[in-house]
file upload_28.txt (compact mmCIF, C-alpha atoms and all ligand atoms)
# COMPACT_ATOMS: atom_id res chain seq x y z
CA MET A 1 67.70 54.75 116.76
CA LYS A 2 70.01 51.93 115.72
CA LEU A 3 71.01 53.85 112.61
CA LEU A 4 71.74 56.94 114.67
CA LYS A 5 74.05 54.98 116.92
CA LYS A 6 75.85 53.52 113.93
CA ASN A 7 76.33 56.97 112.43
CA ALA A 8 77.66 58.31 115.71
CA ILE A 9 80.21 55.51 115.86
CA ILE A 10 81.31 56.14 112.27
CA LEU A 11 81.73 59.83 113.04
CA LEU A 12 83.71 59.10 116.17
CA VAL A 13 86.04 56.70 114.34
CA ALA A 14 86.54 59.28 111.56
CA PHE A 15 87.31 61.96 114.12
CA VAL A 16 89.91 59.79 115.83
CA ALA A 17 91.44 58.70 112.52
CA ILE A 18 91.82 62.24 111.22
CA GLN A 19 93.89 63.12 114.30
CA PHE A 20 96.76 61.14 112.80
CA PHE A 21 97.01 63.65 109.98
CA ARG A 22 98.66 66.96 110.61
CA PRO A 23 99.11 69.83 108.21
CA SER A 24 102.61 71.31 108.33
CA GLN A 25 102.95 74.28 110.66
CA ASN A 26 103.85 77.81 109.72
CA THR A 27 106.55 78.77 112.18
CA SER A 28 109.76 80.78 111.98
CA HIS A 29 112.29 81.77 114.54
CA GLY A 30 113.90 85.12 115.08
CA ASN A 31 113.08 88.31 113.33
CA HIS A 32 111.09 87.00 110.39
CA ALA A 33 109.59 90.35 109.26
CA LYS A 34 112.79 92.34 109.62
CA LEU A 35 112.75 94.28 106.35
CA PHE A 36 109.04 95.06 106.63
CA ILE A 37 109.54 96.51 110.10
CA SER A 38 112.66 98.48 109.24
CA GLU A 39 111.14 99.99 106.11
CA THR A 40 107.71 100.87 107.44
CA ASN A 41 108.97 101.69 110.92
CA PRO A 42 105.73 101.26 112.91
CA SER A 43 105.39 102.67 116.42
CA GLN A 44 105.57 100.05 119.15
CA ASP A 45 101.75 100.16 119.44
CA VAL A 46 101.19 99.52 115.74
CA LYS A 47 103.85 96.83 115.68
CA VAL A 48 102.12 94.93 118.48
CA LEU A 49 98.71 95.38 116.83
CA LEU A 50 99.99 93.93 113.56
CA GLU A 51 101.60 91.04 115.41
CA GLN A 52 98.48 90.26 117.39
CA THR A 53 95.94 90.71 114.63
CA CYS A 54 97.54 90.02 111.24
CA TYR A 55 100.76 88.01 111.55
CA ASP A 56 99.05 84.69 112.20
CA CYS A 57 97.85 84.60 108.59
CA HIS A 58 100.13 87.10 106.89
CA SER A 59 103.63 86.17 107.98
CA ASN A 60 105.86 83.11 108.19
CA ASN A 61 105.10 82.74 111.86
CA THR A 62 101.74 81.70 113.28
CA ASN A 63 101.11 81.57 117.00
CA TYR A 64 98.95 78.50 117.21
CA PRO A 65 96.29 78.15 119.88
CA TRP A 66 96.20 74.77 121.70
CA TYR A 67 93.06 73.69 119.85
CA ASN A 68 95.00 73.88 116.61
CA ASN A 69 96.27 70.46 117.64
CA VAL A 70 92.81 69.11 117.01
CA ALA A 71 91.76 68.17 113.49
CA PRO A 72 89.80 69.48 111.61
CA VAL A 73 90.62 72.87 113.21
CA SER A 74 94.27 72.39 112.20
CA PHE A 75 93.29 71.97 108.54
CA TRP A 76 90.96 74.91 108.61
CA MET A 77 93.70 77.10 110.08
CA ALA A 78 96.36 75.82 107.66
CA ASN A 79 94.13 76.77 104.74
CA HIS A 80 93.60 80.28 106.03
CA VAL A 81 97.30 80.77 106.61
CA LYS A 82 98.15 79.47 103.14
CA ASP A 83 95.54 81.65 101.49
CA GLY A 84 96.35 84.69 103.64
CA LYS A 85 100.09 84.45 102.90
CA LYS A 86 99.42 84.16 99.19
CA HIS A 87 97.72 87.57 99.26
CA LEU A 88 100.03 89.29 101.71
CA ASN A 89 103.14 88.14 103.55
CA PHE A 90 104.99 90.57 105.79
CA SER A 91 107.86 88.08 106.16
CA GLU A 92 108.55 88.17 102.44
CA TRP A 93 108.44 91.92 102.03
CA GLU A 94 111.83 91.87 100.26
CA SER A 95 110.30 89.95 97.37
CA TYR A 96 107.81 92.77 96.65
CA SER A 97 108.61 95.70 94.34
CA THR A 98 108.19 99.24 95.68
CA LYS A 99 104.98 99.52 93.71
CA LYS A 100 103.63 96.27 95.08
CA LYS A 101 104.46 97.30 98.66
CA ASP A 102 102.51 100.50 98.11
CA HIS A 103 99.60 98.54 96.64
CA LYS A 104 99.58 96.00 99.48
CA LEU A 105 99.42 98.82 102.02
CA GLU A 106 96.57 100.34 100.06
CA GLU A 107 94.75 97.01 100.43
CA VAL A 108 95.55 96.96 104.14
CA ILE A 109 93.86 100.35 104.50
CA GLU A 110 90.85 99.19 102.48
CA THR A 111 90.36 95.95 104.37
CA LEU A 112 90.59 97.79 107.70
CA GLU A 113 88.20 100.54 106.65
CA GLU A 114 85.73 97.97 105.36
CA GLY A 115 86.11 95.85 108.48
CA LYS A 116 87.09 92.80 106.40
CA MET A 117 90.30 92.05 108.26
CA PRO A 118 91.09 90.37 110.54
CA LEU A 119 88.66 87.68 109.44
CA LYS A 120 85.53 87.47 111.61
CA GLU A 121 85.96 83.77 112.38
CA TYR A 122 89.36 84.64 113.78
CA THR A 123 88.22 87.42 116.10
CA TRP A 124 85.59 85.09 117.59
CA THR A 125 88.40 83.12 119.16
CA HIS A 126 91.07 85.83 119.38
CA GLU A 127 89.60 88.49 121.60
CA LYS A 128 92.76 90.61 121.35
CA ALA A 129 92.49 90.75 117.57
CA LYS A 130 89.30 92.81 117.68
CA LEU A 131 90.51 96.26 116.71
CA THR A 132 88.87 99.27 118.33
CA GLU A 133 88.16 102.33 116.17
CA LYS A 134 91.15 104.05 117.71
CA GLU A 135 93.47 101.13 116.99
CA LYS A 136 92.21 100.93 113.41
CA LYS A 137 92.97 104.63 112.95
CA LEU A 138 96.49 104.14 114.27
CA VAL A 139 97.22 101.30 111.86
CA ILE A 140 95.64 103.18 108.94
CA ALA A 141 97.72 106.30 109.69
CA TRP A 142 100.88 104.20 109.76
CA ALA A 143 99.93 102.51 106.46
CA LYS A 144 99.23 105.87 104.81
CA ARG A 145 102.56 107.27 105.93
CA SER A 146 104.39 104.21 104.65
CA ARG A 147 102.54 104.43 101.33
CA ALA A 148 103.71 108.02 100.95
CA LEU A 149 107.31 106.92 101.50
CA TYR A 150 107.06 104.17 98.89
CA GLN A 151 105.42 106.52 96.40
CA LEU A 152 108.24 108.99 96.87
CA LYS A 153 110.78 106.22 96.43
CA ASN A 154 109.04 105.12 93.27
CA LEU A 155 109.30 108.63 91.81
CA GLN A 156 113.00 108.74 92.46
CA LEU A 157 113.69 105.46 90.70
C1 LIG B 1 92.69 84.10 110.21
C2 LIG B 1 93.56 84.53 109.18
C3 LIG B 1 93.69 86.02 108.83
C4 LIG B 1 93.99 87.06 109.67
C5 LIG B 1 94.19 87.01 111.17
C6 LIG B 1 94.11 88.24 108.84
N1 LIG B 1 93.90 87.89 107.53
FE1 LIG B 1 94.04 89.14 105.92
N2 LIG B 1 93.55 87.58 104.68
C7 LIG B 1 93.27 86.28 105.08
C8 LIG B 1 92.88 85.49 103.92
C9 LIG B 1 92.49 84.02 103.95
C10 LIG B 1 92.95 86.36 102.80
C11 LIG B 1 92.65 86.05 101.33
C12 LIG B 1 91.22 85.86 101.05
C13 LIG B 1 90.37 87.02 101.35
O1 LIG B 1 90.63 88.15 100.83
O2 LIG B 1 89.42 86.85 102.15
C14 LIG B 1 93.36 87.67 103.31
C15 LIG B 1 93.57 88.78 102.52
C16 LIG B 1 94.07 89.98 102.99
C17 LIG B 1 94.44 91.10 102.14
C18 LIG B 1 94.40 91.11 100.64
C19 LIG B 1 93.03 91.52 100.17
C20 LIG B 1 92.97 91.53 98.69
O3 LIG B 1 92.16 92.31 98.20
O4 LIG B 1 93.69 90.75 98.05
C21 LIG B 1 94.86 92.10 102.96
C22 LIG B 1 95.36 93.47 102.55
C23 LIG B 1 94.75 91.61 104.33
N3 LIG B 1 94.27 90.32 104.31
C24 LIG B 1 95.09 92.35 105.43
C25 LIG B 1 95.00 91.90 106.73
C26 LIG B 1 95.30 92.70 107.88
C27 LIG B 1 95.76 94.16 107.82
C28 LIG B 1 95.11 91.92 108.98
C29 LIG B 1 95.25 92.33 110.42
C30 LIG B 1 94.55 93.51 110.83
C31 LIG B 1 94.68 90.61 108.52
N4 LIG B 1 94.62 90.64 107.14
C32 LIG B 1 94.40 89.51 109.31
C33 LIG B 1 93.38 85.79 106.36
C34 LIG B 1 93.63 86.55 107.48
call {"tool": "encode", "arguments": {"input": "upload_28.txt", "output": "structure tokens"}}
result
Amino acid sequence: MKLLKKNAIILLVAFVAIQFFRPSQNTSHGNHAKLFISETNPSQDVKVLLEQTCYDCHSNNTNYPWYNNVAPVSFWMANHVKDGKKHLNFSEWESYSTKKKDHKLEEVIETLEEGKMPLKEYTWTHEKAKLTEKEKKLVIAWAKRSRALYQLKNLQL
């Protein structure tokens, strides 16, 4: 019993101490995915879906929930954002070649079809990010159309 109490106190102290450490936040102002939007030209519906379900981890702007102020959630989230952006970043679309853009959209289609994205842990807390079959189809159709445009562009180069 005594040991249990001691452990609880150690845990509590560690929890309080870790609150003093904050990972840097991923936030941008203004139109951070401008080129991506102008090139792929999503409908308003698709644009909102991407913003609500993918941008938090795949753009330079994350909308943080209040509990992100609490460590270790903040660290967990920062890691996902870092890792997610490394694989795909809509805010840095201009740094991708036409071929890479096409390939990234191919991956978007695959991850949606396989139900891998958005990450499950994320949809537990982001009810809006759960895509319905209809919404998935809309996003996939937009991605396919954009792929066709990039493939055409690639042929012309
Ligand atoms: C909570 C953060 C998070 C959200 C939200 C999220 N992703 Fe991801 N995504 C990741 C992480 C982390 C990776 C890299 C590791 C992995 O593949 O699991 C990734 C990888 C990817 C990849 C690359 C896969 C590959 O094979 O390299 C694609 C494409 C992708 N995500 C698309 C999406 C799309 C589309 C959405 C929205 C419908 C979305 N993601 C939402 C975190 C997220």
call {"tool": "residues_near_ligand", "arguments": {"input": "upload_28.txt", "ligand": "ligand LIG 1 (chain B)", "cutoff": "7 Å", "atoms": "all atoms listed in the file", "output": "PyMOL selection string"}}
result
chain A and resi 50+53-58+80-81+83-84+87-88+104-105+107-108+111-112+117-119+122
call {"tool": "closest_residue", "arguments": {"input": "upload_28.txt", "among": "A:Ile109, A:Glu39, A:Phe75, A:Asn63", "to": "Lys136 of chain A", "atoms": "only C-alpha atoms"}}
result
A:Ile109
call {"tool": "closest_residue", "arguments": {"input": "upload_28.txt", "among": "A:Lys34, A:Glu94, A:Trp124, A:Ala71", "to": "Ala14 of chain A", "atoms": "only C-alpha atoms"}}
result
A:Ala71
call {"tool": "closest_residue", "arguments": {"input": "upload_28.txt", "among": "A:Leu131, A:Ile18, A:Leu12, A:Leu49", "to": "Pro72 of chain A", "atoms": "only C-alpha atoms"}}
result
A:Ile18
call {"tool": "atom_distance", "arguments": {"input": "upload_28.txt", "atom1": "atom CA of Thr40 of chain A", "atom2": "atom CA of Gln52 of chain A"}}
result
17.2 Å
call {"tool": "atom_distance", "arguments": {"input": "upload_28.txt", "atom1": "atom CA of Gly30 of chain A", "atom2": "atom CA of Lys47 of chain A"}}
result
15.4 Å
call {"tool": "closest_residue", "arguments": {"input": "upload_28.txt", "among": "A:Tyr64, A:Lys100, A:Gln156, A:Lys86", "to": "Thr125 of chain A", "atoms": "all atoms listed in the file"}}
result
A:Tyr64
call {"tool": "atom_distance", "arguments": {"input": "upload_28.txt", "atom1": "atom CA of Thr123 of chain A", "atom2": "atom CA of His32 of chain A"}}
result
23.6 Å
